[in-house]
Amino acid sequence: MHRAIELIDVAPPPLDLADELPAIRGAELEGRIAALQGTVDADWIVVYGDREHSANLIFLSNLDPRFEEALLVIGPDSRTLVLGKEDVGYVPIVPIDVDVVLCPTFSLMGIDRGEGPTLEEALRQIGIGAGARVGVVGWKALHAGEWNGRRPAIFAPAFFVDTLRDLAGDSGSVVDVTAALTSPRNGLRTFSSADQIAIFEWGAARCSAWVHAIIGAARPGASEHDAFRAADWSGEPLSLHPVFASGPDVAVGLRSPSSRRLELGDAAVACIGLWGGNCARGGLVAASTGDLTAASEGYLDRLAVPYWRAIATWYETLAVGIAGGEVFGTVTDLLAGEEFASSLNPGHLIHYEEWLDSPIRAGSDDPIASGMVLQSDIIPTGIRPGWTVNCEDTVAIADSALRGELEAGHPSLWSRIRARQEYMRSTLGVQVRDEVLPLSCTAAYFRPFWLASGRALAFA
């Protein structure tokens, strides 16, 4: 028997934010590099990064490439950053000892790229040569059957992969080791420390507060740009293109804000992602069912309520040790009789990039584990004008030991998390376990009608 869900007057969620962005200490980065070396059976590990694919480099060195490509070359007794001219000046943000090689080839086109070693010369000078066993960290790990090429698949630019293969020669090997960082079962980035969770809460909480403000500014006659200006963005790095779509184009869910003016009854969706967090909301620019157009017939009972039930169930199902496949099956079964389904995985890992991987897959026995940071990403099928919902937020999973570290090392963060848990339980009726830590301010808080500022769905 389903618990009753009602659209009721509720107090707004606590919107407290951290005052200072935490940092990862050099000692933790050193430990990550040592752990990667202990996991990968290779003489050399070469980590690729660029502006869009920066997460692995940030995780290991704190450097997110600006404008150019970059490599972190980890050897038996050395760490070397191979950078273009722009990024060389960015090295002071790296809190560990590294050598730096300026490789002009990584510089932008039109810049003088004649002074300095070629990539082949730089890698040879570092020490990679014939017979070397090299593990490459790209930005995506491929599964069996996705590649039938003659050489092992590596999801990274051929320019530097081919160079490594030429250097290693027939007596060496160059293989993909991306999964050592990204695997949802045992990847190093899958499990966050207390300090890393504190950094991700900085981003997740801000995303949610900003989307909450955008919804409050979305009024008939206002443009999408007008509504989006309510976000108090102050320059934090984005993990995805900001999204606002409304009206006939609402199904184009990745569209950026435009000058289109909102109309009463419009369906709309807004989304912002920062490092470690993402918040998205979809609903109707309306105050009640009386404002709806014919296109929105049945919206509340046939879409909004069953969707929120799935979101609430997702939060209540999460637990340390539960198989990701069980979370997937629970949400899938719950929606089996509805007019929509989850178009992607109902939940995934989030990190410096918006989507790392996901233990939540059909049949997956990957366990939900302490240290995971997860996104409640249930995107419904069948989106159309007058018919849209979304309620994405970020949580961390923490066993008692990790919760103790958070409480001791980040007491203000811990107070915010406890207040969010209490709001979910007491105000919304969503009974999350102690190990489920809301990093977003608005986890499970869903207003299907954006003009009804004090009304949200909750268990009766």
# chains A, B, ... in the order shown; residues from 1 in each chain; ligands from 1
$ residues_around --residues "stretch 168-175 of chain A" --least-positions-apart "6" --cutoff "7 Å" --atoms "only C-alpha atoms" --output "list in words"
Gly129, Ala130, Gly131, Ala132, Arg133, Val134, Gly135, Val136, Pro152 and Ile154 of chain A
$ residues_around --residues "A:Gly75" --least-positions-apart "2" --cutoff "12 Å" --atoms "only C-alpha atoms" --output "tab-separated table (two decimals) with N, CA and C atoms, in the first residue's frame"
chain	number	residue	atom	x	y	z
A	33	ILE	N	48.09	9.39	-5.26
A	33	ILE	CA	49.04	8.96	-6.28
A	33	ILE	C	49.66	7.62	-5.90
A	34	ALA	N	50.02	7.47	-4.62
A	34	ALA	CA	50.59	6.20	-4.17
A	34	ALA	C	49.58	5.06	-4.32
A	36	LEU	N	47.18	4.89	-6.52
A	36	LEU	CA	47.06	4.59	-7.95
A	36	LEU	C	48.24	3.74	-8.40
A	37	GLN	N	49.43	4.07	-7.96
A	37	GLN	CA	50.60	3.26	-8.32
A	37	GLN	C	50.49	1.85	-7.77
A	40	VAL	N	47.84	-0.03	-10.19
A	40	VAL	CA	48.15	-0.22	-11.60
A	40	VAL	C	49.49	-0.94	-11.75
A	41	ASP	N	49.50	-2.00	-12.52
A	41	ASP	CA	50.72	-2.76	-12.79
A	41	ASP	C	51.40	-2.17	-14.02
A	42	ALA	N	52.17	-1.14	-13.81
A	42	ALA	CA	52.86	-0.48	-14.91
A	42	ALA	C	54.07	0.27	-14.37
A	43	ASP	N	55.02	0.54	-15.26
A	43	ASP	CA	56.18	1.34	-14.87
A	43	ASP	C	55.82	2.82	-14.80
A	44	TRP	N	54.95	3.24	-15.72
A	44	TRP	CA	54.58	4.63	-15.85
A	44	TRP	C	53.06	4.75	-15.93
A	45	ILE	N	52.52	5.78	-15.33
A	45	ILE	CA	51.10	6.11	-15.47
A	45	ILE	C	51.01	7.51	-16.04
A	46	VAL	N	50.30	7.65	-17.16
A	46	VAL	CA	50.16	8.95	-17.83
A	46	VAL	C	48.68	9.34	-17.77
A	47	VAL	N	48.41	10.44	-17.10
A	47	VAL	CA	47.03	10.91	-16.89
A	47	VAL	C	46.78	12.08	-17.81
A	72	LEU	N	49.86	14.42	-16.68
A	72	LEU	CA	50.59	14.13	-15.45
A	72	LEU	C	51.26	12.78	-15.66
A	73	VAL	N	52.57	12.76	-15.66
A	73	VAL	CA	53.33	11.53	-15.89
A	73	VAL	C	53.89	11.07	-14.54
A	77	ASP	N	59.91	7.10	-9.59
A	77	ASP	CA	60.49	8.05	-8.63
A	77	ASP	C	60.25	9.50	-9.04
A	78	SER	N	59.23	9.75	-9.84
A	78	SER	CA	59.03	11.11	-10.32
A	78	SER	C	57.56	11.37	-10.62
A	79	ARG	N	57.19	12.65	-10.56
A	79	ARG	CA	55.89	13.13	-11.03
A	79	ARG	C	56.18	14.35	-11.88
A	80	THR	N	55.67	14.34	-13.11
A	80	THR	CA	55.97	15.44	-14.03
A	80	THR	C	54.69	15.90	-14.70
A	81	LEU	N	54.47	17.21	-14.70
A	81	LEU	CA	53.38	17.80	-15.47
A	81	LEU	C	53.93	18.28	-16.80
A	98	VAL	N	56.22	18.53	-7.95
A	98	VAL	CA	56.20	17.97	-9.31
A	98	VAL	C	57.24	18.68	-10.15
A	99	ASP	N	57.79	17.95	-11.10
A	99	ASP	CA	58.59	18.58	-12.14
A	99	ASP	C	57.64	19.12	-13.20
A	123	LEU	N	58.50	13.32	-23.39
A	123	LEU	CA	58.26	12.03	-22.73
A	123	LEU	C	59.53	11.19	-22.67
A	126	ILE	N	61.66	12.51	-19.87
A	126	ILE	CA	61.13	12.09	-18.57
A	126	ILE	C	61.58	10.68	-18.23
A	127	GLY	N	61.76	9.85	-19.26
A	127	GLY	CA	62.26	8.51	-19.01
A	127	GLY	C	61.51	7.39	-19.70
A	128	ILE	N	60.47	7.69	-20.45
A	128	ILE	CA	59.70	6.65	-21.12
A	128	ILE	C	60.42	6.25	-22.40
A	132	ALA	N	58.98	0.09	-22.07
A	132	ALA	CA	58.20	0.65	-20.96
A	132	ALA	C	56.79	0.07	-20.94
A	133	ARG	N	56.33	-0.19	-19.74
A	133	ARG	CA	54.92	-0.59	-19.56
A	133	ARG	C	54.17	0.64	-19.05
A	134	VAL	N	53.24	1.14	-19.89
A	134	VAL	CA	52.59	2.42	-19.61
A	134	VAL	C	51.09	2.21	-19.44
A	135	GLY	N	50.55	2.74	-18.36
A	135	GLY	CA	49.11	2.76	-18.15
A	135	GLY	C	48.59	4.17	-18.40
$ residues_around --residues "A:Trp139" --least-positions-apart "2" --cutoff "8 Å" --atoms "only C-alpha atoms" --output "ChimeraX atom specification"
/A:48-49,53,56,137,141,155-156,178
$ residues_around --residues "A:Leu21" --least-positions-apart "4" --cutoff "10 Å" --atoms "only C-alpha atoms" --output "ChimeraX atom specification"
/A:198-203
$ select_by_dssp --residues "stretch 211-264 of chain A" --states "alpha helix (DSSP H)" --output "list in words"
Val211, His212, Ala213, Ile214, Ile215, Gly216, Ala217, Glu224, His225, Asp226, Ala227 and Phe228 of chain A
$ closest_residue --among "A:Val389, A:Val91, A:Met424, A:Val331" --to "A:Trp314" --atoms "only C-alpha atoms"
A:Val331
$ atom_distance --atom1 "atom CA of A:Pro448" --atom2 "atom CA of A:Leu264"
13.7 Å
$ residues_around --residues "stretch 379-382 of chain A" --least-positions-apart "5" --cutoff "9 Å" --atoms "only C-alpha atoms" --output "PDB file with N, CA and C atoms, in the first residue's frame"
ATOM      1  N   ALA A 251      11.232  20.029 -23.845  1.00  0.00           N
ATOM      2  CA  ALA A 251      11.802  18.697 -24.045  1.00  0.00           C
ATOM      3  C   ALA A 251      13.265  18.762 -24.475  1.00  0.00           C
ATOM      4  N   TYR A 307       6.125  10.639  -9.756  1.00  0.00           N
ATOM      5  CA  TYR A 307       7.544  10.946  -9.903  1.00  0.00           C
ATOM      6  C   TYR A 307       8.169  11.225  -8.537  1.00  0.00           C
ATOM      7  N   GLU A 339       2.870   6.202 -16.500  1.00  0.00           N
ATOM      8  CA  GLU A 339       2.922   6.614 -17.899  1.00  0.00           C
ATOM      9  C   GLU A 339       4.320   7.053 -18.330  1.00  0.00           C
ATOM     10  N   PHE A 340       5.296   6.893 -17.457  1.00  0.00           N
ATOM     11  CA  PHE A 340       6.661   7.301 -17.758  1.00  0.00           C
ATOM     12  C   PHE A 340       7.609   6.353 -17.046  1.00  0.00           C
ATOM     13  N   ALA A 341       8.874   6.394 -17.420  1.00  0.00           N
ATOM     14  CA  ALA A 341       9.923   5.597 -16.783  1.00  0.00           C
ATOM     15  C   ALA A 341      11.141   6.491 -16.599  1.00  0.00           C
ATOM     16  N   SER A 342      12.164   5.956 -15.965  1.00  0.00           N
ATOM     17  CA  SER A 342      13.427   6.684 -15.833  1.00  0.00           C
ATOM     18  C   SER A 342      14.233   6.457 -17.100  1.00  0.00           C
ATOM     19  N   SER A 343      14.559   7.552 -17.795  1.00  0.00           N
ATOM     20  CA  SER A 343      15.191   7.408 -19.100  1.00  0.00           C
ATOM     21  C   SER A 343      16.657   7.004 -19.000  1.00  0.00           C
ATOM     22  N   LEU A 344      17.320   7.333 -17.905  1.00  0.00           N
ATOM     23  CA  LEU A 344      18.707   6.942 -17.675  1.00  0.00           C
ATOM     24  C   LEU A 344      18.783   6.184 -16.352  1.00  0.00           C
ATOM     25  N   ASN A 345      19.985   5.930 -15.874  1.00  0.00           N
ATOM     26  CA  ASN A 345      20.128   5.293 -14.562  1.00  0.00           C
ATOM     27  C   ASN A 345      19.438   6.154 -13.506  1.00  0.00           C
ATOM     28  N   PRO A 346      18.629   5.566 -12.635  1.00  0.00           N
ATOM     29  CA  PRO A 346      18.032   6.354 -11.546  1.00  0.00           C
ATOM     30  C   PRO A 346      19.056   6.583 -10.428  1.00  0.00           C
ATOM     31  N   TRP A 387       4.213  19.229 -19.603  1.00  0.00           N
ATOM     32  CA  TRP A 387       4.329  17.944 -18.909  1.00  0.00           C
ATOM     33  C   TRP A 387       5.804  17.695 -18.619  1.00  0.00           C
ATOM     34  N   THR A 388       6.300  18.195 -17.506  1.00  0.00           N
ATOM     35  CA  THR A 388       7.696  17.949 -17.150  1.00  0.00           C
ATOM     36  C   THR A 388       7.876  17.968 -15.644  1.00  0.00           C
ATOM     37  N   VAL A 389       8.800  17.168 -15.147  1.00  0.00           N
ATOM     38  CA  VAL A 389       9.188  17.156 -13.736  1.00  0.00           C
ATOM     39  C   VAL A 389      10.684  16.871 -13.654  1.00  0.00           C
ATOM     40  N   ASN A 390      11.278  17.344 -12.602  1.00  0.00           N
ATOM     41  CA  ASN A 390      12.670  16.998 -12.311  1.00  0.00           C
ATOM     42  C   ASN A 390      12.951  17.396 -10.871  1.00  0.00           C
ATOM     43  N   CYS A 391      13.734  16.564 -10.177  1.00  0.00           N
ATOM     44  CA  CYS A 391      14.066  16.852  -8.774  1.00  0.00           C
ATOM     45  C   CYS A 391      15.411  16.200  -8.465  1.00  0.00           C
ATOM     46  N   GLU A 392      16.481  16.799  -9.006  1.00  0.00           N
ATOM     47  CA  GLU A 392      17.834  16.245  -8.839  1.00  0.00           C
ATOM     48  C   GLU A 392      18.590  16.970  -7.742  1.00  0.00           C
TER      49      GLU A 392
END
$ residues_around --residues "A:Thr182" --least-positions-apart "6" --cutoff "8 Å" --atoms "only C-alpha atoms" --output "NGL selection string"
:A and (141 or 188-190 or 356-357)
$ residues_around --residues "A:Thr330" --least-positions-apart "5" --cutoff "9 Å" --atoms "only C-alpha atoms" --output "PDB file with N, CA, C and O atoms, in the first residue's frame"
ATOM      1  N   ALA A 310       8.828   8.226  -6.529  1.00  0.00           N
ATOM      2  CA  ALA A 310      10.054   7.527  -6.929  1.00  0.00           C
ATOM      3  C   ALA A 310      11.285   8.202  -6.342  1.00  0.00           C
ATOM      4  O   ALA A 310      12.220   7.528  -5.889  1.00  0.00           O
ATOM      5  N   THR A 313      11.389   7.404  -2.644  1.00  0.00           N
ATOM      6  CA  THR A 313      11.756   5.995  -2.468  1.00  0.00           C
ATOM      7  C   THR A 313      13.235   5.788  -2.719  1.00  0.00           C
ATOM      8  O   THR A 313      13.895   4.991  -2.031  1.00  0.00           O
ATOM      9  N   TRP A 314      13.776   6.491  -3.700  1.00  0.00           N
ATOM     10  CA  TRP A 314      15.212   6.412  -3.981  1.00  0.00           C
ATOM     11  C   TRP A 314      16.015   6.791  -2.740  1.00  0.00           C
ATOM     12  O   TRP A 314      16.932   6.067  -2.332  1.00  0.00           O
ATOM     13  N   THR A 317      15.697   4.138  -0.001  1.00  0.00           N
ATOM     14  CA  THR A 317      16.293   2.839  -0.329  1.00  0.00           C
ATOM     15  C   THR A 317      17.798   2.838  -0.133  1.00  0.00           C
ATOM     16  O   THR A 317      18.405   1.796   0.165  1.00  0.00           O
ATOM     17  N   GLY A 325      22.027  -2.604  -8.104  1.00  0.00           N
ATOM     18  CA  GLY A 325      20.947  -3.192  -8.883  1.00  0.00           C
ATOM     19  C   GLY A 325      19.630  -3.225  -8.128  1.00  0.00           C
ATOM     20  O   GLY A 325      18.554  -3.161  -8.737  1.00  0.00           O
ATOM     21  N   LEU A 335       7.813   2.418 -10.898  1.00  0.00           N
ATOM     22  CA  LEU A 335       7.296   3.187 -12.032  1.00  0.00           C
ATOM     23  C   LEU A 335       6.680   2.305 -13.117  1.00  0.00           C
ATOM     24  O   LEU A 335       6.188   2.822 -14.127  1.00  0.00           O
TER      25      LEU A 335
END
$ atom_distance --atom1 "atom CA of A:Ala4" --atom2 "atom CA of A:Thr427"
14.4 Å
$ closest_residue --among "A:Leu437, A:Ala179, A:Met109, A:Ala336" --to "A:Leu413" --atoms "only C-alpha atoms"
A:Leu437
$ atom_distance --atom1 "atom CA of A:Arg361" --atom2 "atom CA of A:Cys271"
23.7 Å
$ closest_residue --among "A:Ala270, A:Ser54, A:Ala144, A:Glu263" --to "A:Pro242" --atoms "only C-alpha atoms"
A:Ala270
$ closest_residue --among "A:Asp50, A:Glu354, A:Asp166, A:Asp393" --to "A:His241" --atoms "only C-alpha atoms"
A:Glu354
$ closest_residue --among "A:Ala18, A:Ala180, A:Leu63, A:Ala218" --to "A:Ala452" --atoms "only C-alpha atoms"
A:Ala218
